[in-house]
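S.K.: Following this message is one structure expressed as structure tokens.
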Amino acid sequence: MASNKKVNVPSANKSGALPAMMTGDPKTMSKGLIVLQEWWGMNEQIQNCGKDLCGQGQMVTLVPDLYRGKVTNDNEEAGHFMGDLDWKGAVDDIQACAKFLKSNGVKKVAVVGFCMGGALSMAAAALVPEVDAAVPFYGIPSSGLCDVTTIKIPMQCHFALNDATSGFASPAEWKPLKEKLEGKLAKLEFYEYDAGHAFTNTTGPNYDKGHCDLAFSRMFKFLNNHLV
């Protein structure tokens with residue numbers, strides 16, 4: 001089993017160094033995967049997800065604590081945390097993670113994120129040159145943060161047909177996004193699932209093991225094709 005440890009990643013974010021959990025050894029694994037949290041914070045679920053993805057994909061995973069210590073299981077509080085987030089600073093954090101992995105021996109780095117992290121992973125695809133591939137799950141960044149049509153790296157998107165998060169990741173948002181991206185991005189895969197929001201979160205009410213396993217198998221095939 002791959003080892004995991006807490007690390008501090010130097011970041012240009014005005015909040016300073018970024019706490020993170022790393023699983024695997026960047027000196028022996030050539031591929032790295034940054035795993036971005038939902039709006040709850042860096043809780044046990046997302047840390048376990050990072051560990052599991054390391055084992056499944058045989059790549060170093062790095063789970064950054066974008067809230068720097070704040071964690072909740074309350075919807076209202078999570079909404080405040082996400083609303084208060086410095087999104088451009090979070091993109092700086094993702095860039096810092098990519099640089100950290102590469103400086104420690106990883107050759108290629110991808111980013112995967114869920115909900116809020118999905119939106120940030122798509123933003124990173126547009127804004128962070130050190131990221132080599134991106135896999136957003138049910139999250140869309142604002143047009144004020146980035147122009148998603150400028151993305152040049154390979155990107156694989158996963159969205160849910162029964163997503164009720166209106167204004168963020170519901171079909172009313174992701175279907176026009178899909179149409180727009182398919183007309184602009186050369187290296188795009190886009191998958192939809194008969195599931196609800198956060199269907200990969202093992203602790204959530206919409207967890208769907210079948211769709212989760214399928215999505216992750218697609219992700220690893222995609223990453224193995226592009227992180228070479």
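Scheme for the structure tokens: letters A, B, ... for chains in order shown; per-chain residue numbers from 1; ligand numbers from 1 in order shown.
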Select from region 3-178 of chain A everything DSSP, run on the backbone, classes as strand (DSSP E), then give the selection as a JSON list (two decimals) with N, CA, C and O atoms, in the first residue's frame.
M.R.:
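Saved as part04.json:
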```json
[["chain", "number", "residue", "atom", "x", "y", "z"],
["A", 4, "ASN", "N", 1.17, 7.61, 2.76],
["A", 4, "ASN", "CA", 0.61, 8.96, 2.64],
["A", 4, "ASN", "C", 1.16, 9.81, 3.77],
["A", 4, "ASN", "O", 1.45, 9.32, 4.86],
["A", 5, "LYS", "N", 1.31, 11.09, 3.47],
["A", 5, "LYS", "CA", 1.86, 11.99, 4.48],
["A", 5, "LYS", "C", 1.37, 13.41, 4.24],
["A", 5, "LYS", "O", 0.99, 13.79, 3.13],
["A", 6, "LYS", "N", 1.39, 14.18, 5.32],
["A", 6, "LYS", "CA", 1.03, 15.59, 5.23],
["A", 6, "LYS", "C", 2.23, 16.38, 4.71],
["A", 6, "LYS", "O", 3.37, 16.14, 5.11],
["A", 7, "VAL", "N", 1.95, 17.29, 3.79],
["A", 7, "VAL", "CA", 3.00, 18.15, 3.25],
["A", 7, "VAL", "C", 2.50, 19.59, 3.24],
["A", 7, "VAL", "O", 1.30, 19.84, 3.30],
["A", 8, "ASN", "N", 3.43, 20.52, 3.18],
["A", 8, "ASN", "CA", 3.11, 21.93, 3.01],
["A", 8, "ASN", "C", 3.66, 22.39, 1.67],
["A", 8, "ASN", "O", 4.86, 22.26, 1.41],
["A", 9, "VAL", "N", 2.79, 22.91, 0.84],
["A", 9, "VAL", "CA", 3.15, 23.29, -0.52],
["A", 9, "VAL", "C", 3.30, 24.81, -0.59],
["A", 9, "VAL", "O", 2.35, 25.54, -0.28],
["A", 18, "LEU", "N", 0.31, 25.98, 1.57],
["A", 18, "LEU", "CA", -0.90, 25.18, 1.41],
["A", 18, "LEU", "C", -0.72, 23.80, 2.04],
["A", 18, "LEU", "O", 0.09, 23.01, 1.59],
["A", 19, "PRO", "N", -1.51, 23.47, 3.07],
["A", 19, "PRO", "CA", -1.45, 22.11, 3.62],
["A", 19, "PRO", "C", -2.06, 21.12, 2.61],
["A", 19, "PRO", "O", -3.03, 21.45, 1.92],
["A", 20, "ALA", "N", -1.50, 19.93, 2.55],
["A", 20, "ALA", "CA", -2.00, 18.93, 1.61],
["A", 20, "ALA", "C", -1.67, 17.54, 2.12],
["A", 20, "ALA", "O", -0.77, 17.37, 2.95],
["A", 21, "MET", "N", -2.38, 16.54, 1.61],
["A", 21, "MET", "CA", -2.11, 15.14, 1.90],
["A", 21, "MET", "C", -1.62, 14.47, 0.62],
["A", 21, "MET", "O", -2.33, 14.46, -0.38],
["A", 22, "MET", "N", -0.43, 13.90, 0.67],
["A", 22, "MET", "CA", 0.13, 13.23, -0.49],
["A", 22, "MET", "C", 0.20, 11.73, -0.25],
["A", 22, "MET", "O", 0.63, 11.27, 0.80],
["A", 23, "THR", "N", -0.25, 10.97, -1.25],
["A", 23, "THR", "CA", -0.17, 9.51, -1.20],
["A", 23, "THR", "C", 0.68, 9.03, -2.37],
["A", 23, "THR", "O", 0.46, 9.44, -3.51],
["A", 31, "LYS", "N", 3.52, 9.70, -12.77],
["A", 31, "LYS", "CA", 2.27, 10.43, -12.97],
["A", 31, "LYS", "C", 1.75, 10.97, -11.65],
["A", 31, "LYS", "O", 1.84, 10.29, -10.62],
["A", 32, "GLY", "N", 1.18, 12.17, -11.70],
["A", 32, "GLY", "CA", 0.61, 12.77, -10.50],
["A", 32, "GLY", "C", -0.81, 13.23, -10.75],
["A", 32, "GLY", "O", -1.17, 13.62, -11.87],
["A", 33, "LEU", "N", -1.61, 13.19, -9.70],
["A", 33, "LEU", "CA", -3.01, 13.59, -9.79],
["A", 33, "LEU", "C", -3.37, 14.47, -8.60],
["A", 33, "LEU", "O", -3.30, 14.03, -7.44],
["A", 34, "ILE", "N", -3.73, 15.71, -8.87],
["A", 34, "ILE", "CA", -4.22, 16.62, -7.84],
["A", 34, "ILE", "C", -5.72, 16.38, -7.68],
["A", 34, "ILE", "O", -6.46, 16.40, -8.66],
["A", 35, "VAL", "N", -6.16, 16.13, -6.45],
["A", 35, "VAL", "CA", -7.56, 15.76, -6.17],
["A", 35, "VAL", "C", -8.21, 16.89, -5.38],
["A", 35, "VAL", "O", -7.83, 17.16, -4.24],
["A", 36, "LEU", "N", -9.20, 17.55, -5.98],
["A", 36, "LEU", "CA", -9.78, 18.76, -5.40],
["A", 36, "LEU", "C", -11.12, 18.48, -4.72],
["A", 36, "LEU", "O", -12.00, 17.83, -5.28],
["A", 60, "VAL", "N", 0.87, 9.21, -8.04],
["A", 60, "VAL", "CA", 0.90, 10.02, -6.82],
["A", 60, "VAL", "C", -0.35, 10.90, -6.78],
["A", 60, "VAL", "O", -0.71, 11.52, -7.78],
["A", 61, "THR", "N", -1.03, 10.94, -5.65],
["A", 61, "THR", "CA", -2.14, 11.86, -5.50],
["A", 61, "THR", "C", -1.83, 12.90, -4.43],
["A", 61, "THR", "O", -1.17, 12.61, -3.45],
["A", 62, "LEU", "N", -2.31, 14.10, -4.69],
["A", 62, "LEU", "CA", -2.10, 15.21, -3.76],
["A", 62, "LEU", "C", -3.45, 15.89, -3.54],
["A", 62, "LEU", "O", -4.06, 16.39, -4.49],
["A", 63, "VAL", "N", -3.91, 15.87, -2.29],
["A", 63, "VAL", "CA", -5.19, 16.49, -1.93],
["A", 63, "VAL", "C", -4.90, 17.78, -1.17],
["A", 63, "VAL", "O", -4.50, 17.74, -0.01],
["A", 64, "PRO", "N", -5.07, 18.94, -1.80],
["A", 64, "PRO", "CA", -4.79, 20.20, -1.12],
["A", 64, "PRO", "C", -5.97, 20.65, -0.25],
["A", 64, "PRO", "O", -7.13, 20.40, -0.58],
["A", 108, "LYS", "N", 4.36, 14.10, -15.38],
["A", 108, "LYS", "CA", 3.12, 14.69, -15.89],
["A", 108, "LYS", "C", 2.09, 14.75, -14.76],
["A", 108, "LYS", "O", 2.00, 13.82, -13.94],
["A", 109, "VAL", "N", 1.29, 15.82, -14.76],
["A", 109, "VAL", "CA", 0.32, 16.04, -13.68],
["A", 109, "VAL", "C", -1.06, 16.33, -14.26],
["A", 109, "VAL", "O", -1.21, 17.16, -15.17],
["A", 110, "ALA", "N", -2.06, 15.66, -13.70],
["A", 110, "ALA", "CA", -3.45, 15.94, -14.03],
["A", 110, "ALA", "C", -4.16, 16.46, -12.79],
["A", 110, "ALA", "O", -3.65, 16.34, -11.67],
["A", 111, "VAL", "N", -5.33, 17.03, -13.00],
["A", 111, "VAL", "CA", -6.15, 17.49, -11.88],
["A", 111, "VAL", "C", -7.56, 16.95, -12.04],
["A", 111, "VAL", "O", -8.11, 16.97, -13.15],
["A", 112, "VAL", "N", -8.10, 16.40, -10.96],
["A", 112, "VAL", "CA", -9.49, 15.97, -10.92],
["A", 112, "VAL", "C", -10.17, 16.67, -9.76],
["A", 112, "VAL", "O", -9.55, 16.90, -8.72],
["A", 113, "GLY", "N", -11.43, 17.07, -9.95],
["A", 113, "GLY", "CA", -12.14, 17.73, -8.88],
["A", 113, "GLY", "C", -13.62, 17.42, -8.93],
["A", 113, "GLY", "O", -14.16, 17.02, -9.96],
["A", 114, "PHE", "N", -14.26, 17.62, -7.79],
["A", 114, "PHE", "CA", -15.66, 17.25, -7.62],
["A", 114, "PHE", "C", -16.46, 18.43, -7.11],
["A", 114, "PHE", "O", -16.07, 19.07, -6.13],
["A", 133, "ALA", "N", -3.50, 17.54, -17.96],
["A", 133, "ALA", "CA", -4.81, 16.99, -18.28],
["A", 133, "ALA", "C", -5.74, 17.31, -17.13],
["A", 133, "ALA", "O", -5.30, 17.52, -15.99],
["A", 134, "ALA", "N", -7.05, 17.34, -17.41],
["A", 134, "ALA", "CA", -8.01, 17.70, -16.38],
["A", 134, "ALA", "C", -9.26, 16.81, -16.49],
["A", 134, "ALA", "O", -9.68, 16.47, -17.59],
["A", 135, "VAL", "N", -9.83, 16.48, -15.31],
["A", 135, "VAL", "CA", -11.04, 15.65, -15.25],
["A", 135, "VAL", "C", -12.02, 16.30, -14.28],
["A", 135, "VAL", "O", -12.03, 15.98, -13.09],
["A", 136, "PRO", "N", -12.85, 17.23, -14.75],
["A", 136, "PRO", "CA", -13.85, 17.85, -13.88],
["A", 136, "PRO", "C", -15.09, 16.96, -13.70],
["A", 136, "PRO", "O", -15.60, 16.41, -14.68],
["A", 137, "PHE", "N", -15.56, 16.87, -12.47],
["A", 137, "PHE", "CA", -16.81, 16.20, -12.14],
["A", 137, "PHE", "C", -17.82, 17.24, -11.66],
["A", 137, "PHE", "O", -17.57, 17.94, -10.68],
["A", 155, "MET", "N", -9.12, 17.12, -21.80],
["A", 155, "MET", "CA", -10.05, 17.25, -20.68],
["A", 155, "MET", "C", -11.18, 16.24, -20.84],
["A", 155, "MET", "O", -11.73, 16.07, -21.94],
["A", 156, "GLN", "N", -11.52, 15.59, -19.74],
["A", 156, "GLN", "CA", -12.62, 14.63, -19.71],
["A", 156, "GLN", "C", -13.62, 15.09, -18.65],
["A", 156, "GLN", "O", -13.28, 15.20, -17.47],
["A", 157, "CYS", "N", -14.86, 15.34, -19.05],
["A", 157, "CYS", "CA", -15.89, 15.88, -18.15],
["A", 157, "CYS", "C", -16.93, 14.82, -17.79],
["A", 157, "CYS", "O", -17.29, 14.00, -18.63],
["A", 158, "HIS", "N", -17.42, 14.90, -16.54],
["A", 158, "HIS", "CA", -18.43, 13.97, -16.04],
["A", 158, "HIS", "C", -19.55, 14.77, -15.37],
["A", 158, "HIS", "O", -19.30, 15.49, -14.40],
["A", 159, "PHE", "N", -20.78, 14.62, -15.89],
["A", 159, "PHE", "CA", -21.92, 15.34, -15.35],
["A", 159, "PHE", "C", -23.11, 14.40, -15.19],
["A", 159, "PHE", "O", -23.15, 13.32, -15.77],
["A", 160, "ALA", "N", -24.09, 14.83, -14.38],
["A", 160, "ALA", "CA", -25.23, 13.99, -14.03],
["A", 160, "ALA", "C", -26.52, 14.53, -14.62],
["A", 160, "ALA", "O", -26.78, 15.74, -14.57]]
```
S.K.: Need the shell around region 75-79 of chain A: protein/DNA/RNA residues with any atom at most 8 Å away, counting only C-alpha atoms. Skip same-chain ones fewer than 5 positions apart. Format as a PyMOL selection string?
M.R.: chain A and resi 39-41
S.K.: Can those selected residues be exported to a file as a PDB file, in the first residue's frame so that it contains C-alpha atoms?
M.R.:
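Dumped everything to again-v6.pdb:
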```pdb
ATOM      1  CA  TRP A  39     -17.434  22.478  -0.864  1.00  0.00           C
ATOM      2  CA  TRP A  40     -17.223  20.637   2.477  1.00  0.00           C
ATOM      3  CA  GLY A  41     -13.468  21.130   2.801  1.00  0.00           C
TER       4      GLY A  41
END
```
S.K.: What are the DSSP helix (DSSP H, G or I) residues of region 4-221 of chain A, as JSON, numbers by chain?
M.R.: {"A": [44, 45, 46, 47, 48, 49, 50, 51, 52, 53, 54, 55, 56, 57, 75, 76, 77, 78, 79, 80, 81, 82, 83, 84, 87, 88, 89, 90, 91, 92, 93, 94, 95, 96, 97, 98, 99, 100, 101, 102, 103, 116, 117, 118, 119, 120, 121, 122, 123, 124, 125, 126, 127, 148, 149, 150, 171, 172, 173, 174, 175, 176, 177, 178, 179, 180, 181, 182, 209, 210, 211, 212, 213, 214, 215, 216, 217, 218, 219, 220, 221]}
S.K.: Just the selected residues (C-alpha atoms), exported as a PDB file, in the first residue's frame, please.
M.R.:
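out_24.pdb, freshly written:
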```pdb
ATOM      1  CA  GLU A  44     -12.009  12.408   5.539  1.00  0.00           C
ATOM      2  CA  GLN A  45     -14.002  11.462   2.438  1.00  0.00           C
ATOM      3  CA  ILE A  46     -11.838  13.433  -0.011  1.00  0.00           C
ATOM      4  CA  GLN A  47      -8.642  12.279   1.713  1.00  0.00           C
ATOM      5  CA  ASN A  48      -9.793   8.665   1.367  1.00  0.00           C
ATOM      6  CA  CYS A  49     -10.671   9.350  -2.258  1.00  0.00           C
ATOM      7  CA  GLY A  50      -7.101  10.541  -2.861  1.00  0.00           C
ATOM      8  CA  LYS A  51      -5.695   7.398  -1.282  1.00  0.00           C
ATOM      9  CA  ASP A  52      -8.016   5.148  -3.282  1.00  0.00           C
ATOM     10  CA  LEU A  53      -7.228   6.888  -6.570  1.00  0.00           C
ATOM     11  CA  CYS A  54      -3.505   6.491  -5.920  1.00  0.00           C
ATOM     12  CA  GLY A  55      -3.977   2.762  -5.476  1.00  0.00           C
ATOM     13  CA  GLN A  56      -6.250   2.356  -8.475  1.00  0.00           C
ATOM     14  CA  GLY A  57      -4.244   4.494 -10.860  1.00  0.00           C
ATOM     15  CA  ASN A  75     -24.888  22.708   3.753  1.00  0.00           C
ATOM     16  CA  GLU A  76     -25.348  26.326   4.780  1.00  0.00           C
ATOM     17  CA  GLU A  77     -21.871  26.620   6.228  1.00  0.00           C
ATOM     18  CA  ALA A  78     -20.362  24.883   3.204  1.00  0.00           C
ATOM     19  CA  GLY A  79     -22.114  27.408   0.990  1.00  0.00           C
ATOM     20  CA  HIS A  80     -20.525  30.229   2.996  1.00  0.00           C
ATOM     21  CA  PHE A  81     -17.095  28.603   2.751  1.00  0.00           C
ATOM     22  CA  MET A  82     -17.366  28.269  -1.015  1.00  0.00           C
ATOM     23  CA  GLY A  83     -18.789  31.764  -1.375  1.00  0.00           C
ATOM     24  CA  ASP A  84     -15.914  33.217   0.632  1.00  0.00           C
ATOM     25  CA  TRP A  87     -11.119  31.425  -6.491  1.00  0.00           C
ATOM     26  CA  LYS A  88      -8.126  32.997  -8.213  1.00  0.00           C
ATOM     27  CA  GLY A  89      -6.097  32.205  -5.114  1.00  0.00           C
ATOM     28  CA  ALA A  90      -7.332  28.615  -5.317  1.00  0.00           C
ATOM     29  CA  VAL A  91      -6.070  28.458  -8.906  1.00  0.00           C
ATOM     30  CA  ASP A  92      -2.704  29.659  -7.567  1.00  0.00           C
ATOM     31  CA  ASP A  93      -2.869  26.779  -5.088  1.00  0.00           C
ATOM     32  CA  ILE A  94      -3.487  24.268  -7.887  1.00  0.00           C
ATOM     33  CA  GLN A  95      -0.544  25.659  -9.832  1.00  0.00           C
ATOM     34  CA  ALA A  96       1.568  25.346  -6.684  1.00  0.00           C
ATOM     35  CA  CYS A  97       0.537  21.686  -6.355  1.00  0.00           C
ATOM     36  CA  ALA A  98       1.480  20.939  -9.954  1.00  0.00           C
ATOM     37  CA  LYS A  99       4.863  22.620  -9.507  1.00  0.00           C
ATOM     38  CA  PHE A 100       5.398  20.774  -6.228  1.00  0.00           C
ATOM     39  CA  LEU A 101       4.755  17.356  -7.773  1.00  0.00           C
ATOM     40  CA  LYS A 102       6.969  18.057 -10.778  1.00  0.00           C
ATOM     41  CA  SER A 103       9.768  19.459  -8.650  1.00  0.00           C
ATOM     42  CA  MET A 116     -16.500  23.025  -6.343  1.00  0.00           C
ATOM     43  CA  GLY A 117     -13.323  21.122  -7.144  1.00  0.00           C
ATOM     44  CA  GLY A 118     -14.757  20.195 -10.535  1.00  0.00           C
ATOM     45  CA  ALA A 119     -15.198  23.855 -11.387  1.00  0.00           C
ATOM     46  CA  LEU A 120     -11.668  24.571 -10.197  1.00  0.00           C
ATOM     47  CA  SER A 121     -10.202  21.690 -12.175  1.00  0.00           C
ATOM     48  CA  MET A 122     -11.779  23.093 -15.333  1.00  0.00           C
ATOM     49  CA  ALA A 123     -10.432  26.544 -14.476  1.00  0.00           C
ATOM     50  CA  ALA A 124      -6.993  25.027 -13.934  1.00  0.00           C
ATOM     51  CA  ALA A 125      -7.192  23.453 -17.391  1.00  0.00           C
ATOM     52  CA  ALA A 126      -7.582  26.958 -18.807  1.00  0.00           C
ATOM     53  CA  LEU A 127      -5.212  28.850 -16.513  1.00  0.00           C
ATOM     54  CA  VAL A 148     -13.174  27.542 -20.889  1.00  0.00           C
ATOM     55  CA  THR A 149     -12.991  27.711 -24.682  1.00  0.00           C
ATOM     56  CA  THR A 150      -9.272  28.565 -24.405  1.00  0.00           C
ATOM     57  CA  PRO A 171     -28.287  19.967 -17.137  1.00  0.00           C
ATOM     58  CA  ALA A 172     -29.404  23.536 -17.830  1.00  0.00           C
ATOM     59  CA  GLU A 173     -25.763  24.554 -17.358  1.00  0.00           C
ATOM     60  CA  TRP A 174     -23.747  21.579 -18.556  1.00  0.00           C
ATOM     61  CA  LYS A 175     -25.639  20.844 -21.767  1.00  0.00           C
ATOM     62  CA  PRO A 176     -24.855  24.293 -23.260  1.00  0.00           C
ATOM     63  CA  LEU A 177     -21.309  23.926 -21.935  1.00  0.00           C
ATOM     64  CA  LYS A 178     -20.936  20.603 -23.719  1.00  0.00           C
ATOM     65  CA  GLU A 179     -22.124  22.105 -26.978  1.00  0.00           C
ATOM     66  CA  LYS A 180     -19.756  25.044 -26.620  1.00  0.00           C
ATOM     67  CA  LEU A 181     -16.724  22.914 -25.751  1.00  0.00           C
ATOM     68  CA  GLU A 182     -17.341  20.365 -28.483  1.00  0.00           C
ATOM     69  CA  LYS A 209     -21.302   2.745  -7.108  1.00  0.00           C
ATOM     70  CA  GLY A 210     -21.973   1.574 -10.641  1.00  0.00           C
ATOM     71  CA  HIS A 211     -21.708   5.019 -12.176  1.00  0.00           C
ATOM     72  CA  CYS A 212     -18.779   5.920  -9.917  1.00  0.00           C
ATOM     73  CA  ASP A 213     -16.808   2.834 -10.945  1.00  0.00           C
ATOM     74  CA  LEU A 214     -17.570   3.476 -14.612  1.00  0.00           C
ATOM     75  CA  ALA A 215     -16.523   7.126 -14.373  1.00  0.00           C
ATOM     76  CA  PHE A 216     -13.258   6.301 -12.619  1.00  0.00           C
ATOM     77  CA  SER A 217     -12.434   3.541 -15.120  1.00  0.00           C
ATOM     78  CA  ARG A 218     -12.941   6.055 -17.919  1.00  0.00           C
ATOM     79  CA  MET A 219     -10.774   8.554 -16.068  1.00  0.00           C
ATOM     80  CA  PHE A 220      -7.841   6.184 -15.626  1.00  0.00           C
ATOM     81  CA  LYS A 221      -7.962   5.086 -19.263  1.00  0.00           C
TER      82      LYS A 221
END
```
S.K.: Measuring between only C-alpha atoms, which one of A:Pro26, A:Gly69, A:Pro10, A:Gly144 shows the shortest distance to Gly105 (chain A)?
M.R.: A:Pro26
S.K.: Using CA of Tyr207 (chain A) and CA of Ser3 (chain A) as the two end points, give the distance in Å to one decimal.
M.R.: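 Distance reported for this atom pair: 26.8 Å.
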S.K.: Taking only C-alpha atoms into account, name the residue in A:Leu85, A:Thr72, A:Ser15, A:Ala2 that is nearest to Met29 (chain A).
M.R.: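 Among A:Leu85, A:Thr72, A:Ser15, A:Ala2, it is A:Ala2 that comes nearest to Met29 (chain A).
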S.K.: Set the distance at 8 Å and use only C-alpha atoms: which residues neighbour His226 (chain A) once local chain neighbours fewer than 4 positions away are removed? I'd like the list as a PyMOL selection string.
M.R.: chain A and resi 132-133+154+222
S.K.: Between CA of Phe199 (chain A) and CA of Cys115 (chain A), what distance in Å does the model show, to one decimal?
M.R.: 10.2 Å
